[in-house]
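Data block below; observations after.
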Amino acid sequence: MLRVLSWNINGIRSPLQGAVCQEPNNCTAMALGRLLDELDADIVCFQETKVTRDVLTEPLAIVEGYNSYFSFSRNRSGYSGVATFCKDSATPVAAEEGLSGLLASQNGDVGCYGNMDEFTQEELRALDSEGRALLTQHKIRTWEGQEKTLTLINVYCPHADPGKPERLAFKMHFYRLLQIRAEALLEAGSHVIILGDLNTAHRPIDHWDAVNMECFEEDPGRKWMDGLLSVLGCQAGAHIGPFIDSYRCFQPKKEGAFTCWSVVSGARHLNYGSRLDYVLGDRALVIDTFQDSFLLPEVMGSDHCPVGAVLSVSSVPTKQCPPLCTRFLPEFAGTQLKIRHFLIRLEQDPVFGHSALKLSNQTQVQTRQNKASVRSTRPRPSQAGSSRGQKNLMSYFQPSSSHPQASPDLELPSLMGVPVTPVTPEQEAAAKMVEVQAKASETKYEKEVRTLCWKSVLAGPSPMPLCWGHGEPCVIRTVKKPGPNLGRCFYICARPRGPPTDPSARCNFFLWRRPS
């Protein structure tokens with residue numbers, strides 16, 4: 001059996017941040033290896049890795065028991081990117097980055113590009129510059145003993161932002177290029193599997209709110225999928241596409257089978273999402289070899305869940321990995337020295353070590369002689385005189401001899417001709433009591449003034465309003481979409497997003513926050 005799996009991981013380092021290891025240097029490699037073992041697949045395809053080659057580390061790229069292949073975004077850092085990890089028992093015979101062939105090195109590539117004359121060189125280069133496609137070609141053996149070729153296309157299709165019409169055109173061009181390459185591989189005699197995040201919910205059953213969406217069926221991405229896919233058991237005369245949605249082949253009417261949820265609204269709690277991730281196989285391959293197609297919504301760590309399929313074939317590994325394998329990159333293959341190599345203690349030559357030791361002993365003797373001569377010529381404190389020595393710190397707090405102290409027996413002179421009358425103990429006690437009361441009242445007044453001042457400055461957060469549907473405190477959100485309301489805050493229901501008919505889901509409460 002051959003088990004293939006796809007997962008939009010939303011940053012390949014994100015699911016590994018919670019891993020705790022005893023050895024920090026091997027923590028990432030051990031965590032990624034454990035993750036791959038838990039997914040339990042022969043070929044694992046990741047999308048949205050969000051790493052570029054300059055930040056790719058060796059523990060992340062090379063995992064024991066696997067050979068990996070990466071495609072990076074060449075325009076932005078921390079954006080897009082796909083990766084394929086193959087077990088050593090499923091080592092591909094060829095691997096290639098991109099769909100157009102412009103990134104091919106003509107050595108160990110998959111080939112079969114089809115007719116791409118409808119695109120310019122600049123368009124093809126732009127479509128492959130975001131690291132959205134990676135091909136691996138494998139040899140498989142059927143139960144009858146026949147060896148065939150299987151090509152996996154790991155894709156992360158673009159998202160069409162409603163506010164950016166140019167991205168919709170980019171997405172449709174990417175779809176078209178993907179279809180041309182897949183059909184060219186089919187014509188060359190290879191079986192083809194397209195798996196990954198296609199960023200389109202095909203049917204109304206694949207979307208949580210398709211009923212309330214205007215022109216759902218008219219979406220260009222859905223129309224493209226209609227032309228690419230065929231449905232088993234369709235009526236005579238209906239369109240038959242070259243590929244089959246493997247999950248709907250096994251679960252044609254299952255509702256709530258979603259693979260993507262909004263993290264901000266907590267929609268995964270109530271399964272309020274859509275199915276954007278697919279395993280598409282050519283018709284002959286799905287009908288003859290697919291045994292199962294599944295979703296893994298219980299696997300956390302991303303806003304998507306893994307999807308996969310099981311084929312009744314066995315992989316025929318090659319002895320040598322294709323040149324695109326990450327272990328052949330100069331920074332991981334040992335051909336490029338790393339800075340830590342210069343910090344390792346090296347064994348010295350015996351002759352050089354003996355001469356160096358002799359020179360070191362001579363230097364130490366000369367240093368001791370120099371120190372002795374300096375110590376003998378330095379004047380001692382008794383010779384220099386104690387009158388100019390350093391004073392003690394306590395000497396600055398003693399009374400000076402130039403100002404004689406007044407004798408306690410001297411009679412105090414009268415002030416401005418008025419004789420000074422002695423103060424009785426009763427008067428002194430009363431004066432002290434008045435002084436204490438005055439200080440206490442002054443301290444209390446100052447404390448009240450400070451309290452009122454801080455309360456006026458730090459009034460504290462205003463109480464959250466209660467939503468109408470549940471009477472519960474709301475949560476505050478900030479508008480991030482460009483427009484006149486950018487940066488404004490508003491209140492909404494704190495419950496997770498769900499179907500409008502579900503009373504436990506978020507109600508439609510909305511209130512703008514008043515500016516302070």
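Naming works like this for the structure tokens: A, B, ... for the chains as they're shown, residue 1 at the start of each chain, ligands 1 onward in shown order.
Using only C-alpha atoms, the residues found no farther than 7 Å from Gly487 in chain A, other than those of its own chain fewer than 4 positions away, are Thr478, Val479 and Lys480 of chain A.
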Just to be explicit: take each residue in the selection above, keep C-alpha atoms, and write the result as a short mmCIF file (atom, residue, chain, number, x, y, z; two decimals), in the first residue's frame.
```
data_model
loop_
_atom_site.label_atom_id
_atom_site.label_comp_id
_atom_site.auth_asym_id
_atom_site.auth_seq_id
_atom_site.Cartn_x
_atom_site.Cartn_y
_atom_site.Cartn_z
CA THR A 478 -10.18 46.13 15.22
CA VAL A 479 -10.81 46.79 11.53
CA LYS A 480 -7.72 45.79 9.54
#
```
Exercise for the section: Please provide the set of residues having any atom within 10 Å of Asn67 in chain A, restricted to only C-alpha atoms, with same-chain residues fewer than 5 positions apart removed, written as a PyMOL selection string. Expected result: chain A and resi 43+61-62+84-92+321-322+325-327
Take the residues from that selection and write them out as an mmCIF file, in the first residue's frame, keeping N, CA and C atoms.
```
data_model
loop_
_atom_site.group_PDB
_atom_site.id
_atom_site.type_symbol
_atom_site.label_atom_id
_atom_site.label_comp_id
_atom_site.auth_asym_id
_atom_site.auth_seq_id
_atom_site.Cartn_x
_atom_site.Cartn_y
_atom_site.Cartn_z
ATOM 1 N N ILE A 43 4.486 9.486 1.520
ATOM 2 C CA ILE A 43 4.816 10.766 0.891
ATOM 3 C C ILE A 43 3.952 11.824 1.561
ATOM 4 N N ALA A 61 15.432 20.610 7.207
ATOM 5 C CA ALA A 61 15.481 20.136 5.830
ATOM 6 C C ALA A 61 15.829 18.665 5.710
ATOM 7 N N ILE A 62 16.608 18.165 6.654
ATOM 8 C CA ILE A 62 17.078 16.776 6.561
ATOM 9 C C ILE A 62 16.597 16.017 7.785
ATOM 10 N N THR A 84 7.964 18.609 -0.033
ATOM 11 C CA THR A 84 7.557 17.207 -0.123
ATOM 12 C C THR A 84 8.590 16.354 0.591
ATOM 13 N N PHE A 85 8.120 15.542 1.541
ATOM 14 C CA PHE A 85 8.974 14.608 2.280
ATOM 15 C C PHE A 85 8.599 13.191 1.861
ATOM 16 N N CYS A 86 9.577 12.459 1.353
ATOM 17 C CA CYS A 86 9.368 11.076 0.907
ATOM 18 C C CYS A 86 10.182 10.137 1.790
ATOM 19 N N LYS A 87 9.556 9.070 2.210
ATOM 20 C CA LYS A 87 10.320 8.053 2.916
ATOM 21 C C LYS A 87 11.382 7.476 1.989
ATOM 22 N N ASP A 88 12.452 6.950 2.592
ATOM 23 C CA ASP A 88 13.508 6.362 1.776
ATOM 24 C C ASP A 88 12.993 5.190 0.953
ATOM 25 N N SER A 89 11.918 4.562 1.415
ATOM 26 C CA SER A 89 11.306 3.475 0.644
ATOM 27 C C SER A 89 10.455 3.982 -0.514
ATOM 28 N N ALA A 90 10.260 5.319 -0.610
ATOM 29 C CA ALA A 90 9.499 5.919 -1.709
ATOM 30 C C ALA A 90 10.302 7.025 -2.369
ATOM 31 N N THR A 91 11.602 6.852 -2.469
ATOM 32 C CA THR A 91 12.465 7.861 -3.082
ATOM 33 C C THR A 91 12.100 8.055 -4.548
ATOM 34 N N PRO A 92 11.866 9.291 -4.988
ATOM 35 C CA PRO A 92 11.469 9.521 -6.383
ATOM 36 C C PRO A 92 12.641 9.372 -7.342
ATOM 37 N N CYS A 321 18.945 9.881 -4.820
ATOM 38 C CA CYS A 321 17.932 10.925 -4.809
ATOM 39 C C CYS A 321 18.167 11.890 -5.968
ATOM 40 N N PRO A 322 17.108 12.528 -6.475
ATOM 41 C CA PRO A 322 17.276 13.525 -7.539
ATOM 42 C C PRO A 322 18.103 14.716 -7.043
ATOM 43 N N CYS A 325 17.046 17.307 -4.219
ATOM 44 C CA CYS A 325 16.956 16.928 -2.803
ATOM 45 C C CYS A 325 17.777 17.899 -1.945
ATOM 46 N N THR A 326 17.232 18.248 -0.794
ATOM 47 C CA THR A 326 17.881 19.250 0.050
ATOM 48 C C THR A 326 19.230 18.793 0.581
ATOM 49 N N ARG A 327 19.459 17.495 0.661
ATOM 50 C CA ARG A 327 20.751 17.038 1.187
ATOM 51 C C ARG A 327 21.890 17.344 0.221
#
```
Practice task
Write out as number ranges by chain each polymer residue whose atoms come within 9 Å of Cys467 in chain A, counting only C-alpha atoms; drop sequence neighbours fewer than 4 positions from it.
Solution key: A: 471-474, 491-494, 507-510
Store the residues picked out above in a file with N, CA, C and O atoms, as an mmCIF file, in the first residue's frame.
```
data_model
loop_
_atom_site.group_PDB
_atom_site.id
_atom_site.type_symbol
_atom_site.label_atom_id
_atom_site.label_comp_id
_atom_site.auth_asym_id
_atom_site.auth_seq_id
_atom_site.Cartn_x
_atom_site.Cartn_y
_atom_site.Cartn_z
ATOM 1 N N GLY A 471 -26.842 37.597 25.892
ATOM 2 C CA GLY A 471 -26.680 38.385 27.105
ATOM 3 C C GLY A 471 -25.337 38.187 27.768
ATOM 4 O O GLY A 471 -25.209 38.295 28.989
ATOM 5 N N GLU A 472 -24.291 37.909 26.963
ATOM 6 C CA GLU A 472 -22.943 37.656 27.475
ATOM 7 C C GLU A 472 -22.015 38.788 27.052
ATOM 8 O O GLU A 472 -22.270 39.459 26.035
ATOM 9 N N PRO A 473 -20.940 39.025 27.822
ATOM 10 C CA PRO A 473 -19.991 40.080 27.447
ATOM 11 C C PRO A 473 -19.395 39.843 26.061
ATOM 12 O O PRO A 473 -19.056 38.712 25.698
ATOM 13 N N CYS A 474 -19.264 40.921 25.311
ATOM 14 C CA CYS A 474 -18.736 40.828 23.953
ATOM 15 C C CYS A 474 -17.207 40.850 23.967
ATOM 16 O O CYS A 474 -16.579 40.983 25.022
ATOM 17 N N TYR A 491 -17.469 45.951 18.779
ATOM 18 C CA TYR A 491 -17.814 44.832 19.655
ATOM 19 C C TYR A 491 -18.654 43.819 18.877
ATOM 20 O O TYR A 491 -19.548 44.202 18.106
ATOM 21 N N ILE A 492 -18.347 42.530 19.103
ATOM 22 C CA ILE A 492 -19.145 41.457 18.529
ATOM 23 C C ILE A 492 -19.331 40.375 19.583
ATOM 24 O O ILE A 492 -18.675 40.396 20.640
ATOM 25 N N CYS A 493 -20.202 39.445 19.299
ATOM 26 C CA CYS A 493 -20.454 38.323 20.220
ATOM 27 C C CYS A 493 -19.187 37.503 20.394
ATOM 28 O O CYS A 493 -18.434 37.270 19.440
ATOM 29 N N ALA A 494 -18.941 37.042 21.610
ATOM 30 C CA ALA A 494 -17.695 36.337 21.926
ATOM 31 C C ALA A 494 -17.742 34.861 21.551
ATOM 32 O O ALA A 494 -16.704 34.193 21.594
ATOM 33 N N CYS A 507 -24.013 35.234 17.662
ATOM 34 C CA CYS A 507 -25.158 36.005 17.179
ATOM 35 C C CYS A 507 -24.666 37.171 16.332
ATOM 36 O O CYS A 507 -23.459 37.419 16.225
ATOM 37 N N ASN A 508 -25.604 37.930 15.744
ATOM 38 C CA ASN A 508 -25.232 38.996 14.815
ATOM 39 C C ASN A 508 -25.093 40.346 15.502
ATOM 40 O O ASN A 508 -25.279 41.394 14.868
ATOM 41 N N PHE A 509 -24.745 40.350 16.790
ATOM 42 C CA PHE A 509 -24.567 41.613 17.502
ATOM 43 C C PHE A 509 -23.349 42.347 16.963
ATOM 44 O O PHE A 509 -22.285 41.755 16.745
ATOM 45 N N PHE A 510 -23.500 43.678 16.776
ATOM 46 C CA PHE A 510 -22.399 44.520 16.298
ATOM 47 C C PHE A 510 -22.584 45.916 16.869
ATOM 48 O O PHE A 510 -23.694 46.466 16.855
#
```
Problem - Neighbour list for Gly221 in chain A as a ChimeraX atom specification, cut-off 10 Å, only C-alpha atoms, skip fewer than 2 positions in-chain - result: /A:160,168,171-172,175,198-202,217-219,223-226
Those selected residues, please, written with all heavy atoms and delivered as a CSV table (one decimal), in the first residue's frame.
```
chain,number,residue,atom,x,y,z
A,160,ALA,N,-7.6,34.4,-4.2
A,160,ALA,CA,-8.1,35.6,-4.9
A,160,ALA,C,-8.7,36.6,-3.9
A,160,ALA,O,-9.8,36.3,-3.4
A,160,ALA,CB,-9.1,35.2,-6.0
A,168,LEU,N,-7.0,37.6,-8.9
A,168,LEU,CA,-8.0,36.6,-9.5
A,168,LEU,C,-7.4,36.2,-10.8
A,168,LEU,O,-7.4,35.0,-11.2
A,168,LEU,CB,-9.3,37.2,-9.6
A,168,LEU,CG,-10.4,36.4,-10.3
A,168,LEU,CD1,-10.6,35.0,-9.6
A,168,LEU,CD2,-11.7,37.1,-10.4
A,171,LYS,N,-4.6,33.9,-10.2
A,171,LYS,CA,-5.0,32.6,-9.8
A,171,LYS,C,-5.5,31.7,-11.0
A,171,LYS,O,-5.2,30.6,-11.1
A,171,LYS,CB,-6.2,32.7,-8.8
A,171,LYS,CG,-6.8,31.4,-8.3
A,171,LYS,CD,-7.9,31.7,-7.3
A,171,LYS,CE,-8.5,30.4,-6.8
A,171,LYS,NZ,-9.5,30.6,-5.7
A,172,MET,N,-6.3,32.4,-11.9
A,172,MET,CA,-6.8,31.6,-13.0
A,172,MET,C,-5.7,31.2,-14.0
A,172,MET,O,-5.7,30.2,-14.6
A,172,MET,CB,-7.8,32.5,-13.8
A,172,MET,CG,-9.1,32.8,-12.9
A,172,MET,SD,-9.8,31.4,-12.1
A,172,MET,CE,-10.2,30.3,-13.5
A,175,TYR,N,-4.1,28.2,-12.4
A,175,TYR,CA,-5.0,27.0,-12.7
A,175,TYR,C,-4.7,26.5,-14.1
A,175,TYR,O,-4.6,25.3,-14.3
A,175,TYR,CB,-6.4,27.4,-12.5
A,175,TYR,CG,-6.9,27.4,-11.1
A,175,TYR,CD1,-8.1,28.1,-10.8
A,175,TYR,CD2,-6.3,26.7,-10.1
A,175,TYR,CE1,-8.6,28.1,-9.5
A,175,TYR,CE2,-6.8,26.7,-8.8
A,175,TYR,CZ,-7.9,27.4,-8.5
A,175,TYR,OH,-8.4,27.4,-7.2
A,198,LEU,N,-6.1,23.9,-3.1
A,198,LEU,CA,-6.5,24.5,-4.3
A,198,LEU,C,-7.2,25.8,-4.1
A,198,LEU,O,-7.6,26.5,-5.1
A,198,LEU,CB,-7.5,23.5,-5.1
A,198,LEU,CG,-6.8,22.2,-5.5
A,198,LEU,CD1,-7.8,21.4,-6.4
A,198,LEU,CD2,-5.5,22.4,-6.2
A,199,ASN,N,-7.5,26.2,-2.8
A,199,ASN,CA,-8.1,27.5,-2.5
A,199,ASN,C,-9.5,27.7,-3.2
A,199,ASN,O,-9.8,28.9,-3.5
A,199,ASN,CB,-7.2,28.6,-2.8
A,199,ASN,CG,-6.6,29.2,-1.5
A,199,ASN,OD1,-7.3,29.4,-0.5
A,199,ASN,ND2,-5.3,29.5,-1.6
A,200,THR,N,-10.2,26.7,-3.4
A,200,THR,CA,-11.6,26.8,-4.0
A,200,THR,C,-12.4,25.6,-3.4
A,200,THR,O,-12.0,24.5,-3.4
A,200,THR,CB,-11.6,26.7,-5.5
A,200,THR,OG1,-10.9,27.8,-6.0
A,200,THR,CG2,-13.0,26.7,-6.1
A,201,ALA,N,-13.6,26.0,-2.9
A,201,ALA,CA,-14.6,25.0,-2.5
A,201,ALA,C,-15.4,24.7,-3.7
A,201,ALA,O,-16.2,25.5,-4.2
A,201,ALA,CB,-15.5,25.5,-1.3
A,202,HIS,N,-15.4,23.4,-4.2
A,202,HIS,CA,-15.9,23.1,-5.5
A,202,HIS,C,-17.5,23.1,-5.5
A,202,HIS,O,-18.1,23.8,-6.3
A,202,HIS,CB,-15.4,21.7,-5.9
A,202,HIS,CG,-15.9,21.3,-7.3
A,202,HIS,ND1,-16.0,20.0,-7.7
A,202,HIS,CD2,-16.2,22.0,-8.4
A,202,HIS,CE1,-16.4,19.9,-8.9
A,202,HIS,NE2,-16.5,21.2,-9.4
A,217,GLU,N,-22.1,29.3,-8.0
A,217,GLU,CA,-21.7,28.4,-9.2
A,217,GLU,C,-21.0,29.2,-10.3
A,217,GLU,O,-20.3,28.6,-11.1
A,217,GLU,CB,-23.0,27.8,-9.8
A,217,GLU,CG,-23.7,26.9,-8.8
A,217,GLU,CD,-23.0,25.6,-8.4
A,217,GLU,OE1,-22.0,25.3,-9.1
A,217,GLU,OE2,-23.4,24.9,-7.5
A,218,GLU,N,-21.1,30.5,-10.2
A,218,GLU,CA,-20.5,31.3,-11.3
A,218,GLU,C,-19.0,31.7,-11.0
A,218,GLU,O,-18.4,32.4,-11.8
A,218,GLU,CB,-21.3,32.6,-11.5
A,218,GLU,CG,-22.7,32.4,-11.9
A,218,GLU,CD,-22.8,31.6,-13.2
A,218,GLU,OE1,-22.0,31.8,-14.1
A,218,GLU,OE2,-23.7,30.7,-13.3
A,219,ASP,N,-18.5,31.3,-9.9
A,219,ASP,CA,-17.1,31.6,-9.5
A,219,ASP,C,-16.2,31.0,-10.6
A,219,ASP,O,-16.3,29.8,-10.9
A,219,ASP,CB,-16.8,31.0,-8.1
A,219,ASP,CG,-15.4,31.4,-7.7
A,219,ASP,OD1,-15.1,32.5,-7.3
A,219,ASP,OD2,-14.5,30.4,-7.8
A,223,LYS,N,-15.8,27.0,-11.9
A,223,LYS,CA,-16.0,26.6,-13.3
A,223,LYS,C,-14.7,25.8,-13.8
A,223,LYS,O,-14.9,24.9,-14.6
A,223,LYS,CB,-16.2,27.8,-14.1
A,223,LYS,CG,-17.6,28.4,-13.9
A,223,LYS,CD,-17.9,29.5,-14.9
A,223,LYS,CE,-19.3,30.0,-14.8
A,223,LYS,NZ,-19.6,31.1,-15.8
A,224,TRP,N,-13.6,26.3,-13.4
A,224,TRP,CA,-12.3,25.5,-13.8
A,224,TRP,C,-12.3,24.1,-13.3
A,224,TRP,O,-12.0,23.2,-14.0
A,224,TRP,CB,-11.1,26.3,-13.3
A,224,TRP,CG,-9.8,25.6,-13.6
A,224,TRP,CD1,-9.2,25.5,-14.8
A,224,TRP,CD2,-9.1,24.8,-12.6
A,224,TRP,NE1,-8.0,24.7,-14.6
A,224,TRP,CE2,-8.0,24.2,-13.3
A,224,TRP,CE3,-9.3,24.5,-11.3
A,224,TRP,CZ2,-7.1,23.4,-12.7
A,224,TRP,CZ3,-8.4,23.7,-10.7
A,224,TRP,CH2,-7.2,23.2,-11.3
A,225,MET,N,-12.7,24.0,-12.0
A,225,MET,CA,-12.8,22.6,-11.4
A,225,MET,C,-13.8,21.8,-12.1
A,225,MET,O,-13.7,20.5,-12.2
A,225,MET,CB,-13.0,22.7,-9.9
A,225,MET,CG,-11.9,23.3,-9.1
A,225,MET,SD,-12.0,23.2,-7.3
A,225,MET,CE,-11.7,21.4,-7.1
A,226,ASP,N,-14.9,22.4,-12.5
A,226,ASP,CA,-15.9,21.6,-13.3
A,226,ASP,C,-15.4,21.0,-14.5
A,226,ASP,O,-15.7,19.9,-14.9
A,226,ASP,CB,-17.1,22.5,-13.6
A,226,ASP,CG,-18.0,22.9,-12.4
A,226,ASP,OD1,-17.8,22.2,-11.3
A,226,ASP,OD2,-18.7,23.9,-12.4
```
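Computed from the coordinates, the CA of Val313 in chain A to CA of Ser71 in chain A distance equals 27.2 Å.
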Handout entry: Residue neighbourhood Leu135 in chain A, 6 Å, only C-alpha atoms, exclusion window fewer than 6 positions, as a VMD selection string
Key = chain A and resid 95 to 96 152 to 153
Exercise for the section: Write out as an MDAnalysis selection string all residues of range 100-331 of chain A that backbone DSSP assigns to strand (DSSP E). Expected result: chainID A and resid 133:141 147:156 191:197 243:245 260:261 273:274 277:282 290:295 307:311 314:316
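If you count only C-alpha atoms and ignore residues fewer than 2 places along the chain from Tyr278 in chain A, what sits within 8 Å of it is A:Ile194, A:Leu195, A:Gly196, A:Asp197, A:Leu198, A:Asp245, A:Ser246, A:Tyr247, A:Arg275, A:Leu276, A:Leu280, A:Val307.
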Fill in the blank from the handout: Here CA of Asp42 in chain A and CA of Arg132 in chain A stand apart by 21.4 Å
Practice task
Write out as JSON, numbers by chain which residues come within 8 Å of Ser302 in chain A when counting only C-alpha atoms, dropping same-chain ones fewer than 6 positions away.
Solution key: {"A": [8, 9, 10, 14, 15]}
May I have the selected residues written with N, CA and C atoms, as a PDB file, in the first residue's frame?
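Output contents, as saved in result_19.pdb:
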```
ATOM      1  N   ASN A   8      -1.777  21.765   4.427  1.00  0.00           N
ATOM      2  CA  ASN A   8      -1.388  23.179   4.490  1.00  0.00           C
ATOM      3  C   ASN A   8      -1.014  23.464   5.942  1.00  0.00           C
ATOM      4  N   ILE A   9       0.261  23.543   6.192  1.00  0.00           N
ATOM      5  CA  ILE A   9       0.753  23.563   7.570  1.00  0.00           C
ATOM      6  C   ILE A   9       0.812  24.966   8.149  1.00  0.00           C
ATOM      7  N   ASN A  10       0.602  26.000   7.282  1.00  0.00           N
ATOM      8  CA  ASN A  10       0.582  27.396   7.727  1.00  0.00           C
ATOM      9  C   ASN A  10       1.866  27.753   8.493  1.00  0.00           C
ATOM     10  N   SER A  14       5.602  26.239  12.744  1.00  0.00           N
ATOM     11  CA  SER A  14       4.551  26.496  13.734  1.00  0.00           C
ATOM     12  C   SER A  14       4.184  25.260  14.543  1.00  0.00           C
ATOM     13  N   PRO A  15       3.898  24.088  13.938  1.00  0.00           N
ATOM     14  CA  PRO A  15       3.546  22.927  14.757  1.00  0.00           C
ATOM     15  C   PRO A  15       4.702  22.393  15.591  1.00  0.00           C
TER      16      PRO A  15
END
```
